[in-house]
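Trainee: Below is a structure I'd like to ask you about.
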Amino acid sequence: MLNPLWLKTFVTLVDTGHFTQTASKLFMTQPGVSQHLNKLEQACGHQLLVRSRSGIELTQAGERLYHYALEQARAEAALLDSLGEDTPFNGTCRLACSGALAQLLYPELLALQSAHPGLKVHVEAAPNARIINEVQQGDKDLGIITAAPPRGLFQEQDIGTQALCLITPASNFSISETAMPATLDSPLPPIDELKALGLISHPDAAHYLSLFFAHSQHESYQSAFAEDFPVSSYINQLGQILLPVSLGLGFTVLPLSVVEQFSNKAKLTVFVGKEPVFEPLYLIHKRQRQLPARFDTIRTLIQSVLNQAAYSGKQHLSDQAD
């Protein structure tokens with residue numbers, strides 16, 4: 001790497017055309033200017049200028065180096081200016097969350113990026129433990145997790161909840177053969193029949209199933225574990241999880257928002273239990289890290305989308321209860 005002090009001396013010498021004026025402008029001695037020039041020529045391996053009675057003339061190598069030095073100076077000035085900028089619609093945000101939330105949030109985040117191309121949003125679906133680790137290591141800027149994070153490591157914000165539901169094929173335990181029911185008073189299907197049907201497993205299946213069963217207020221469910229159910233099929237693509245359920249190949253547990261986005265809801269039966277089970281959501285970032293203004297933009301959008309999804313879900317459940 002070329003010494004930036006030598007480059008500055010060289011550019012000043014070219015601009016003034018005189019060693020004496022360069023020395024005066026840079027508060028150096030004339031021999032000091034000559035020494036910088038000699039060291040720069042040695043570093044480049046080329047003669048950079050020719051002295052004459054009328055001043056100095058650049059060699060071809062000197063002319064190229066002069067333009068390079070000017071470009072470097074402009075780049076440095078632009079960098080220093082950008083360090084002071086903190087705009088709400090410029091920069092990159094790396095977000096990690098569950099697959100269900102990624103499906104819900106990503107279209108809205110893309111719409112925001114389309115409106116503000118300077119804002120770059122990277123979204124990755126991951127389980128809680130990985131999200132916590134990546135935010136702590138600085139690999140992700142923001143994370144959304146479903147349990148309170150370890151104390152002292154993160155700044156957390158309670159951003160709402162998401163409703164969970166049990167989904168079976170419409171031909172099994174069916175309340176309606178033409179529409180997806182989601183009612184507050186429909187009895188949950190017997191555990192033995194779910195075991196016979198088999199679990200459509202996915203990366204969050206054990207977590208969702210355990211949480212739904214534990215809060216279902218149904219005695220046989222509260223004593224059941226994910227390991228009790230034979231796995232009929234496994235898929236790690238969120239948009240495909242309900243496909244085998246709709247074909248009668250098994251049951252699963254997912255957030256209600258995922259079911260509402262499925263294209264063939266008539267092939268599903270949805271159970272929410274006597275009391276809907278809601279999973280808490282926490283937005284986290286590394287403690288002591290000062291986030292730029294763009295993260296306020298992202299957080300505001302996330303909160304808005306989740307509020308709308310929660311309102312829609314509660315309206316859906318309320319309509320079914322009526």
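In the structure tokens, chains take letters A, B, ... by order of appearance, with residues numbered from 1 within each chain and ligands from 1 in the order shown.
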Can you check which residues of region 38-222 of chain A DSSP gives as helix (DSSP H, G or I) on the backbone and send them as a PDB file with N, CA and C atoms, in the first residue's frame?
Mentor:
```
ATOM      1  N   ASN A  38      11.140  10.777  -3.675  1.00  0.00           N
ATOM      2  CA  ASN A  38      12.056   9.663  -3.945  1.00  0.00           C
ATOM      3  C   ASN A  38      11.499   8.343  -3.403  1.00  0.00           C
ATOM      4  N   LYS A  39      10.943   8.372  -2.181  1.00  0.00           N
ATOM      5  CA  LYS A  39      10.388   7.154  -1.582  1.00  0.00           C
ATOM      6  C   LYS A  39       9.173   6.647  -2.373  1.00  0.00           C
ATOM      7  N   LEU A  40       8.367   7.592  -2.870  1.00  0.00           N
ATOM      8  CA  LEU A  40       7.196   7.208  -3.650  1.00  0.00           C
ATOM      9  C   LEU A  40       7.621   6.579  -4.962  1.00  0.00           C
ATOM     10  N   GLU A  41       8.645   7.136  -5.619  1.00  0.00           N
ATOM     11  CA  GLU A  41       9.135   6.568  -6.876  1.00  0.00           C
ATOM     12  C   GLU A  41       9.728   5.185  -6.645  1.00  0.00           C
ATOM     13  N   GLN A  42      10.417   4.996  -5.518  1.00  0.00           N
ATOM     14  CA  GLN A  42      10.971   3.686  -5.204  1.00  0.00           C
ATOM     15  C   GLN A  42       9.855   2.665  -4.976  1.00  0.00           C
ATOM     16  N   ALA A  43       8.799   3.102  -4.276  1.00  0.00           N
ATOM     17  CA  ALA A  43       7.676   2.207  -3.994  1.00  0.00           C
ATOM     18  C   ALA A  43       6.941   1.823  -5.279  1.00  0.00           C
ATOM     19  N   CYS A  44       6.841   2.777  -6.221  1.00  0.00           N
ATOM     20  CA  CYS A  44       6.139   2.518  -7.484  1.00  0.00           C
ATOM     21  C   CYS A  44       7.027   1.793  -8.487  1.00  0.00           C
ATOM     22  N   GLN A  60       4.363   9.441 -17.843  1.00  0.00           N
ATOM     23  CA  GLN A  60       3.105   8.714 -18.009  1.00  0.00           C
ATOM     24  C   GLN A  60       2.711   8.018 -16.708  1.00  0.00           C
ATOM     25  N   ALA A  61       3.693   7.432 -16.013  1.00  0.00           N
ATOM     26  CA  ALA A  61       3.413   6.776 -14.730  1.00  0.00           C
ATOM     27  C   ALA A  61       2.974   7.809 -13.695  1.00  0.00           C
ATOM     28  N   GLY A  62       3.622   8.977 -13.724  1.00  0.00           N
ATOM     29  CA  GLY A  62       3.268  10.028 -12.774  1.00  0.00           C
ATOM     30  C   GLY A  62       1.842  10.535 -12.985  1.00  0.00           C
ATOM     31  N   GLU A  63       1.435  10.660 -14.254  1.00  0.00           N
ATOM     32  CA  GLU A  63       0.084  11.130 -14.543  1.00  0.00           C
ATOM     33  C   GLU A  63      -0.960  10.138 -14.039  1.00  0.00           C
ATOM     34  N   ARG A  64      -0.702   8.859 -14.245  1.00  0.00           N
ATOM     35  CA  ARG A  64      -1.642   7.844 -13.776  1.00  0.00           C
ATOM     36  C   ARG A  64      -1.712   7.824 -12.249  1.00  0.00           C
ATOM     37  N   LEU A  65      -0.557   7.974 -11.614  1.00  0.00           N
ATOM     38  CA  LEU A  65      -0.552   7.973 -10.149  1.00  0.00           C
ATOM     39  C   LEU A  65      -1.264   9.212  -9.616  1.00  0.00           C
ATOM     40  N   TYR A  66      -1.105  10.337 -10.290  1.00  0.00           N
ATOM     41  CA  TYR A  66      -1.765  11.571  -9.856  1.00  0.00           C
ATOM     42  C   TYR A  66      -3.284  11.391  -9.868  1.00  0.00           C
ATOM     43  N   HIS A  67      -3.836  10.839 -10.941  1.00  0.00           N
ATOM     44  CA  HIS A  67      -5.288  10.634 -11.005  1.00  0.00           C
ATOM     45  C   HIS A  67      -5.753   9.598  -9.977  1.00  0.00           C
ATOM     46  N   TYR A  68      -4.899   8.585  -9.758  1.00  0.00           N
ATOM     47  CA  TYR A  68      -5.219   7.588  -8.730  1.00  0.00           C
ATOM     48  C   TYR A  68      -5.297   8.250  -7.357  1.00  0.00           C
ATOM     49  N   ALA A  69      -4.327   9.101  -7.049  1.00  0.00           N
ATOM     50  CA  ALA A  69      -4.293   9.774  -5.752  1.00  0.00           C
ATOM     51  C   ALA A  69      -5.505  10.684  -5.565  1.00  0.00           C
ATOM     52  N   LEU A  70      -5.927  11.377  -6.633  1.00  0.00           N
ATOM     53  CA  LEU A  70      -7.118  12.227  -6.547  1.00  0.00           C
ATOM     54  C   LEU A  70      -8.366  11.387  -6.267  1.00  0.00           C
ATOM     55  N   GLU A  71      -8.460  10.231  -6.942  1.00  0.00           N
ATOM     56  CA  GLU A  71      -9.614   9.353  -6.738  1.00  0.00           C
ATOM     57  C   GLU A  71      -9.638   8.815  -5.312  1.00  0.00           C
ATOM     58  N   GLN A  72      -8.468   8.479  -4.785  1.00  0.00           N
ATOM     59  CA  GLN A  72      -8.392   8.004  -3.404  1.00  0.00           C
ATOM     60  C   GLN A  72      -8.833   9.080  -2.425  1.00  0.00           C
ATOM     61  N   ALA A  73      -8.456  10.314  -2.696  1.00  0.00           N
ATOM     62  CA  ALA A  73      -8.836  11.425  -1.829  1.00  0.00           C
ATOM     63  C   ALA A  73     -10.350  11.646  -1.865  1.00  0.00           C
ATOM     64  N   ARG A  74     -10.935  11.544  -3.067  1.00  0.00           N
ATOM     65  CA  ARG A  74     -12.387  11.694  -3.180  1.00  0.00           C
ATOM     66  C   ARG A  74     -13.117  10.562  -2.453  1.00  0.00           C
ATOM     67  N   ALA A  75     -12.593   9.336  -2.585  1.00  0.00           N
ATOM     68  CA  ALA A  75     -13.220   8.194  -1.910  1.00  0.00           C
ATOM     69  C   ALA A  75     -13.150   8.341  -0.397  1.00  0.00           C
ATOM     70  N   GLU A  76     -12.026   8.823   0.081  1.00  0.00           N
ATOM     71  CA  GLU A  76     -11.884   9.022   1.533  1.00  0.00           C
ATOM     72  C   GLU A  76     -12.837  10.096   2.035  1.00  0.00           C
ATOM     73  N   ALA A  77     -12.975  11.169   1.275  1.00  0.00           N
ATOM     74  CA  ALA A  77     -13.895  12.244   1.674  1.00  0.00           C
ATOM     75  C   ALA A  77     -15.339  11.736   1.693  1.00  0.00           C
ATOM     76  N   ALA A  78     -15.697  10.929   0.678  1.00  0.00           N
ATOM     77  CA  ALA A  78     -17.053  10.379   0.625  1.00  0.00           C
ATOM     78  C   ALA A  78     -17.305   9.442   1.801  1.00  0.00           C
ATOM     79  N   LEU A  79     -16.307   8.648   2.147  1.00  0.00           N
ATOM     80  CA  LEU A  79     -16.440   7.743   3.287  1.00  0.00           C
ATOM     81  C   LEU A  79     -16.659   8.519   4.581  1.00  0.00           C
ATOM     82  N   LEU A  80     -15.862   9.531   4.794  1.00  0.00           N
ATOM     83  CA  LEU A  80     -15.993  10.319   6.019  1.00  0.00           C
ATOM     84  C   LEU A  80     -17.351  11.004   6.091  1.00  0.00           C
ATOM     85  N   ASP A  81     -17.842  11.454   4.932  1.00  0.00           N
ATOM     86  CA  ASP A  81     -19.172  12.070   4.914  1.00  0.00           C
ATOM     87  C   ASP A  81     -20.251  11.051   5.257  1.00  0.00           C
ATOM     88  N   SER A  82     -20.089   9.837   4.696  1.00  0.00           N
ATOM     89  CA  SER A  82     -21.113   8.813   4.916  1.00  0.00           C
ATOM     90  C   SER A  82     -21.161   8.352   6.366  1.00  0.00           C
ATOM     91  N   LEU A  83     -20.017   8.433   7.054  1.00  0.00           N
ATOM     92  CA  LEU A  83     -19.995   8.015   8.458  1.00  0.00           C
ATOM     93  C   LEU A  83     -20.882   8.900   9.312  1.00  0.00           C
ATOM     94  N   GLY A  99     -39.591 -19.314  10.286  1.00  0.00           N
ATOM     95  CA  GLY A  99     -40.080 -19.389   8.912  1.00  0.00           C
ATOM     96  C   GLY A  99     -41.458 -18.786   8.751  1.00  0.00           C
ATOM     97  N   ALA A 100     -42.316 -18.977   9.769  1.00  0.00           N
ATOM     98  CA  ALA A 100     -43.670 -18.424   9.704  1.00  0.00           C
ATOM     99  C   ALA A 100     -43.640 -16.903   9.669  1.00  0.00           C
ATOM    100  N   LEU A 101     -42.782 -16.309  10.482  1.00  0.00           N
ATOM    101  CA  LEU A 101     -42.677 -14.849  10.486  1.00  0.00           C
ATOM    102  C   LEU A 101     -42.010 -14.338   9.212  1.00  0.00           C
ATOM    103  N   ALA A 102     -41.034 -15.090   8.713  1.00  0.00           N
ATOM    104  CA  ALA A 102     -40.393 -14.691   7.457  1.00  0.00           C
ATOM    105  C   ALA A 102     -41.416 -14.645   6.328  1.00  0.00           C
ATOM    106  N   GLN A 103     -42.298 -15.644   6.291  1.00  0.00           N
ATOM    107  CA  GLN A 103     -43.347 -15.671   5.274  1.00  0.00           C
ATOM    108  C   GLN A 103     -44.283 -14.480   5.400  1.00  0.00           C
ATOM    109  N   LEU A 104     -44.544 -14.083   6.634  1.00  0.00           N
ATOM    110  CA  LEU A 104     -45.455 -12.967   6.878  1.00  0.00           C
ATOM    111  C   LEU A 104     -44.792 -11.622   6.609  1.00  0.00           C
ATOM    112  N   LEU A 105     -43.534 -11.479   7.019  1.00  0.00           N
ATOM    113  CA  LEU A 105     -42.865 -10.175   6.976  1.00  0.00           C
ATOM    114  C   LEU A 105     -42.174  -9.879   5.642  1.00  0.00           C
ATOM    115  N   TYR A 106     -41.622 -10.903   5.001  1.00  0.00           N
ATOM    116  CA  TYR A 106     -40.766 -10.663   3.846  1.00  0.00           C
ATOM    117  C   TYR A 106     -41.446  -9.883   2.716  1.00  0.00           C
ATOM    118  N   PRO A 107     -42.697 -10.199   2.346  1.00  0.00           N
ATOM    119  CA  PRO A 107     -43.329  -9.403   1.274  1.00  0.00           C
ATOM    120  C   PRO A 107     -43.420  -7.913   1.622  1.00  0.00           C
ATOM    121  N   GLU A 108     -43.703  -7.605   2.880  1.00  0.00           N
ATOM    122  CA  GLU A 108     -43.809  -6.199   3.278  1.00  0.00           C
ATOM    123  C   GLU A 108     -42.437  -5.534   3.313  1.00  0.00           C
ATOM    124  N   LEU A 109     -41.428  -6.273   3.719  1.00  0.00           N
ATOM    125  CA  LEU A 109     -40.071  -5.727   3.722  1.00  0.00           C
ATOM    126  C   LEU A 109     -39.582  -5.474   2.299  1.00  0.00           C
ATOM    127  N   LEU A 110     -39.960  -6.355   1.378  1.00  0.00           N
ATOM    128  CA  LEU A 110     -39.596  -6.145  -0.026  1.00  0.00           C
ATOM    129  C   LEU A 110     -40.299  -4.925  -0.602  1.00  0.00           C
ATOM    130  N   ALA A 111     -41.552  -4.721  -0.207  1.00  0.00           N
ATOM    131  CA  ALA A 111     -42.280  -3.535  -0.668  1.00  0.00           C
ATOM    132  C   ALA A 111     -41.598  -2.271  -0.166  1.00  0.00           C
ATOM    133  N   LEU A 112     -41.121  -2.319   1.082  1.00  0.00           N
ATOM    134  CA  LEU A 112     -40.394  -1.176   1.636  1.00  0.00           C
ATOM    135  C   LEU A 112     -39.102  -0.941   0.860  1.00  0.00           C
ATOM    136  N   GLN A 113     -38.381  -2.011   0.538  1.00  0.00           N
ATOM    137  CA  GLN A 113     -37.141  -1.877  -0.219  1.00  0.00           C
ATOM    138  C   GLN A 113     -37.402  -1.357  -1.629  1.00  0.00           C
ATOM    139  N   SER A 114     -38.503  -1.785  -2.224  1.00  0.00           N
ATOM    140  CA  SER A 114     -38.849  -1.292  -3.565  1.00  0.00           C
ATOM    141  C   SER A 114     -39.099   0.207  -3.553  1.00  0.00           C
ATOM    142  N   ALA A 115     -39.725   0.683  -2.478  1.00  0.00           N
ATOM    143  CA  ALA A 115     -39.989   2.121  -2.355  1.00  0.00           C
ATOM    144  C   ALA A 115     -38.724   2.901  -2.020  1.00  0.00           C
ATOM    145  N   ASN A 128     -34.923 -20.498  17.345  1.00  0.00           N
ATOM    146  CA  ASN A 128     -34.585 -19.552  18.402  1.00  0.00           C
ATOM    147  C   ASN A 128     -33.109 -19.554  18.781  1.00  0.00           C
ATOM    148  N   ALA A 129     -32.561 -20.744  19.055  1.00  0.00           N
ATOM    149  CA  ALA A 129     -31.182 -20.836  19.538  1.00  0.00           C
ATOM    150  C   ALA A 129     -30.199 -20.239  18.534  1.00  0.00           C
ATOM    151  N   ARG A 130     -30.426 -20.505  17.266  1.00  0.00           N
ATOM    152  CA  ARG A 130     -29.531 -19.967  16.237  1.00  0.00           C
ATOM    153  C   ARG A 130     -29.681 -18.462  16.108  1.00  0.00           C
ATOM    154  N   ILE A 131     -30.910 -17.963  16.221  1.00  0.00           N
ATOM    155  CA  ILE A 131     -31.132 -16.514  16.148  1.00  0.00           C
ATOM    156  C   ILE A 131     -30.384 -15.816  17.272  1.00  0.00           C
ATOM    157  N   ILE A 132     -30.513 -16.331  18.473  1.00  0.00           N
ATOM    158  CA  ILE A 132     -29.845 -15.740  19.638  1.00  0.00           C
ATOM    159  C   ILE A 132     -28.338 -15.719  19.429  1.00  0.00           C
ATOM    160  N   ASN A 133     -27.777 -16.824  18.953  1.00  0.00           N
ATOM    161  CA  ASN A 133     -26.336 -16.913  18.745  1.00  0.00           C
ATOM    162  C   ASN A 133     -25.861 -15.939  17.667  1.00  0.00           C
ATOM    163  N   GLU A 134     -26.609 -15.838  16.568  1.00  0.00           N
ATOM    164  CA  GLU A 134     -26.169 -14.980  15.465  1.00  0.00           C
ATOM    165  C   GLU A 134     -26.274 -13.500  15.811  1.00  0.00           C
ATOM    166  N   VAL A 135     -27.295 -13.124  16.585  1.00  0.00           N
ATOM    167  CA  VAL A 135     -27.398 -11.724  17.011  1.00  0.00           C
ATOM    168  C   VAL A 135     -26.274 -11.408  17.992  1.00  0.00           C
ATOM    169  N   GLN A 136     -25.994 -12.340  18.888  1.00  0.00           N
ATOM    170  CA  GLN A 136     -24.930 -12.126  19.866  1.00  0.00           C
ATOM    171  C   GLN A 136     -23.565 -12.010  19.187  1.00  0.00           C
ATOM    172  N   GLN A 137     -23.337 -12.830  18.139  1.00  0.00           N
ATOM    173  CA  GLN A 137     -22.057 -12.805  17.435  1.00  0.00           C
ATOM    174  C   GLN A 137     -21.941 -11.652  16.452  1.00  0.00           C
ATOM    175  N   ILE A 191     -56.182 -37.896  21.073  1.00  0.00           N
ATOM    176  CA  ILE A 191     -54.754 -38.110  20.905  1.00  0.00           C
ATOM    177  C   ILE A 191     -54.468 -39.376  20.104  1.00  0.00           C
ATOM    178  N   ASP A 192     -55.188 -40.451  20.393  1.00  0.00           N
ATOM    179  CA  ASP A 192     -54.943 -41.716  19.695  1.00  0.00           C
ATOM    180  C   ASP A 192     -55.168 -41.582  18.190  1.00  0.00           C
ATOM    181  N   GLU A 193     -56.170 -40.793  17.821  1.00  0.00           N
ATOM    182  CA  GLU A 193     -56.433 -40.619  16.392  1.00  0.00           C
ATOM    183  C   GLU A 193     -55.342 -39.783  15.729  1.00  0.00           C
ATOM    184  N   LEU A 194     -54.783 -38.813  16.478  1.00  0.00           N
ATOM    185  CA  LEU A 194     -53.659 -38.037  15.943  1.00  0.00           C
ATOM    186  C   LEU A 194     -52.436 -38.931  15.761  1.00  0.00           C
ATOM    187  N   LYS A 195     -52.208 -39.827  16.718  1.00  0.00           N
ATOM    188  CA  LYS A 195     -51.071 -40.748  16.597  1.00  0.00           C
ATOM    189  C   LYS A 195     -51.246 -41.660  15.390  1.00  0.00           C
ATOM    190  N   ALA A 196     -52.472 -42.097  15.164  1.00  0.00           N
ATOM    191  CA  ALA A 196     -52.728 -42.952  14.001  1.00  0.00           C
ATOM    192  C   ALA A 196     -52.526 -42.177  12.703  1.00  0.00           C
ATOM    193  N   LEU A 197     -52.855 -40.901  12.727  1.00  0.00           N
ATOM    194  CA  LEU A 197     -52.714 -40.076  11.535  1.00  0.00           C
ATOM    195  C   LEU A 197     -51.244 -39.795  11.240  1.00  0.00           C
ATOM    196  N   ALA A 205     -41.755 -27.899  14.518  1.00  0.00           N
ATOM    197  CA  ALA A 205     -42.892 -28.735  14.895  1.00  0.00           C
ATOM    198  C   ALA A 205     -42.888 -29.089  16.374  1.00  0.00           C
ATOM    199  N   ALA A 206     -41.757 -29.550  16.906  1.00  0.00           N
ATOM    200  CA  ALA A 206     -41.697 -29.959  18.305  1.00  0.00           C
ATOM    201  C   ALA A 206     -42.003 -28.789  19.226  1.00  0.00           C
ATOM    202  N   HIS A 207     -41.461 -27.611  18.905  1.00  0.00           N
ATOM    203  CA  HIS A 207     -41.693 -26.422  19.729  1.00  0.00           C
ATOM    204  C   HIS A 207     -43.161 -26.020  19.699  1.00  0.00           C
ATOM    205  N   TYR A 208     -43.738 -25.919  18.501  1.00  0.00           N
ATOM    206  CA  TYR A 208     -45.141 -25.512  18.382  1.00  0.00           C
ATOM    207  C   TYR A 208     -46.077 -26.528  19.030  1.00  0.00           C
ATOM    208  N   LEU A 209     -45.810 -27.819  18.783  1.00  0.00           N
ATOM    209  CA  LEU A 209     -46.679 -28.850  19.320  1.00  0.00           C
ATOM    210  C   LEU A 209     -46.643 -28.845  20.845  1.00  0.00           C
ATOM    211  N   SER A 210     -45.453 -28.770  21.417  1.00  0.00           N
ATOM    212  CA  SER A 210     -45.329 -28.774  22.874  1.00  0.00           C
ATOM    213  C   SER A 210     -46.029 -27.574  23.494  1.00  0.00           C
ATOM    214  N   LEU A 211     -45.885 -26.404  22.874  1.00  0.00           N
ATOM    215  CA  LEU A 211     -46.507 -25.201  23.408  1.00  0.00           C
ATOM    216  C   LEU A 211     -48.030 -25.281  23.291  1.00  0.00           C
ATOM    217  N   PHE A 212     -48.516 -25.713  22.140  1.00  0.00           N
ATOM    218  CA  PHE A 212     -49.966 -25.808  21.941  1.00  0.00           C
ATOM    219  C   PHE A 212     -50.581 -26.824  22.899  1.00  0.00           C
ATOM    220  N   PHE A 213     -49.955 -27.978  23.018  1.00  0.00           N
ATOM    221  CA  PHE A 213     -50.501 -29.021  23.881  1.00  0.00           C
ATOM    222  C   PHE A 213     -50.473 -28.604  25.351  1.00  0.00           C
ATOM    223  N   ALA A 214     -49.379 -27.960  25.773  1.00  0.00           N
ATOM    224  CA  ALA A 214     -49.244 -27.576  27.178  1.00  0.00           C
ATOM    225  C   ALA A 214     -50.290 -26.553  27.600  1.00  0.00           C
ATOM    226  N   GLU A 219     -56.644 -32.324  29.207  1.00  0.00           N
ATOM    227  CA  GLU A 219     -55.786 -33.151  30.049  1.00  0.00           C
ATOM    228  C   GLU A 219     -54.918 -34.112  29.253  1.00  0.00           C
ATOM    229  N   SER A 220     -55.499 -34.807  28.290  1.00  0.00           N
ATOM    230  CA  SER A 220     -54.714 -35.783  27.528  1.00  0.00           C
ATOM    231  C   SER A 220     -53.646 -35.111  26.671  1.00  0.00           C
ATOM    232  N   TYR A 221     -53.899 -33.891  26.267  1.00  0.00           N
ATOM    233  CA  TYR A 221     -52.915 -33.151  25.476  1.00  0.00           C
ATOM    234  C   TYR A 221     -51.760 -32.671  26.345  1.00  0.00           C
ATOM    235  N   GLN A 222     -52.060 -32.217  27.536  1.00  0.00           N
ATOM    236  CA  GLN A 222     -51.039 -31.636  28.402  1.00  0.00           C
ATOM    237  C   GLN A 222     -49.989 -32.646  28.836  1.00  0.00           C
TER     238      GLN A 222
END
```
Trainee: Smallest atom-to-atom distance to Thr146 (chain A): which of A:Thr16, A:Thr168, A:Thr87, A:Ser98, using only C-alpha atoms?
Mentor: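 Closest residue, counting only C-alpha atoms: A:Ser98.
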Trainee: Would you pick out the contacts of Leu37 (chain A) at 9 Å or less, using only C-alpha atoms, so that residues sharing its chain but fewer than 6 positions from it are not included, and give the list as an MDAnalysis selection string?
Mentor: chainID A and resid 6:7 9:10 48
Trainee: Compile the contact shell of region 230-243 of chain A as a ChimeraX atom specification: residues with an atom at most 7 Å away, counting only C-alpha atoms, same-chain residues fewer than 2 positions apart removed.
Mentor: /A:99-100,195,198-203,228,245-247,249-250
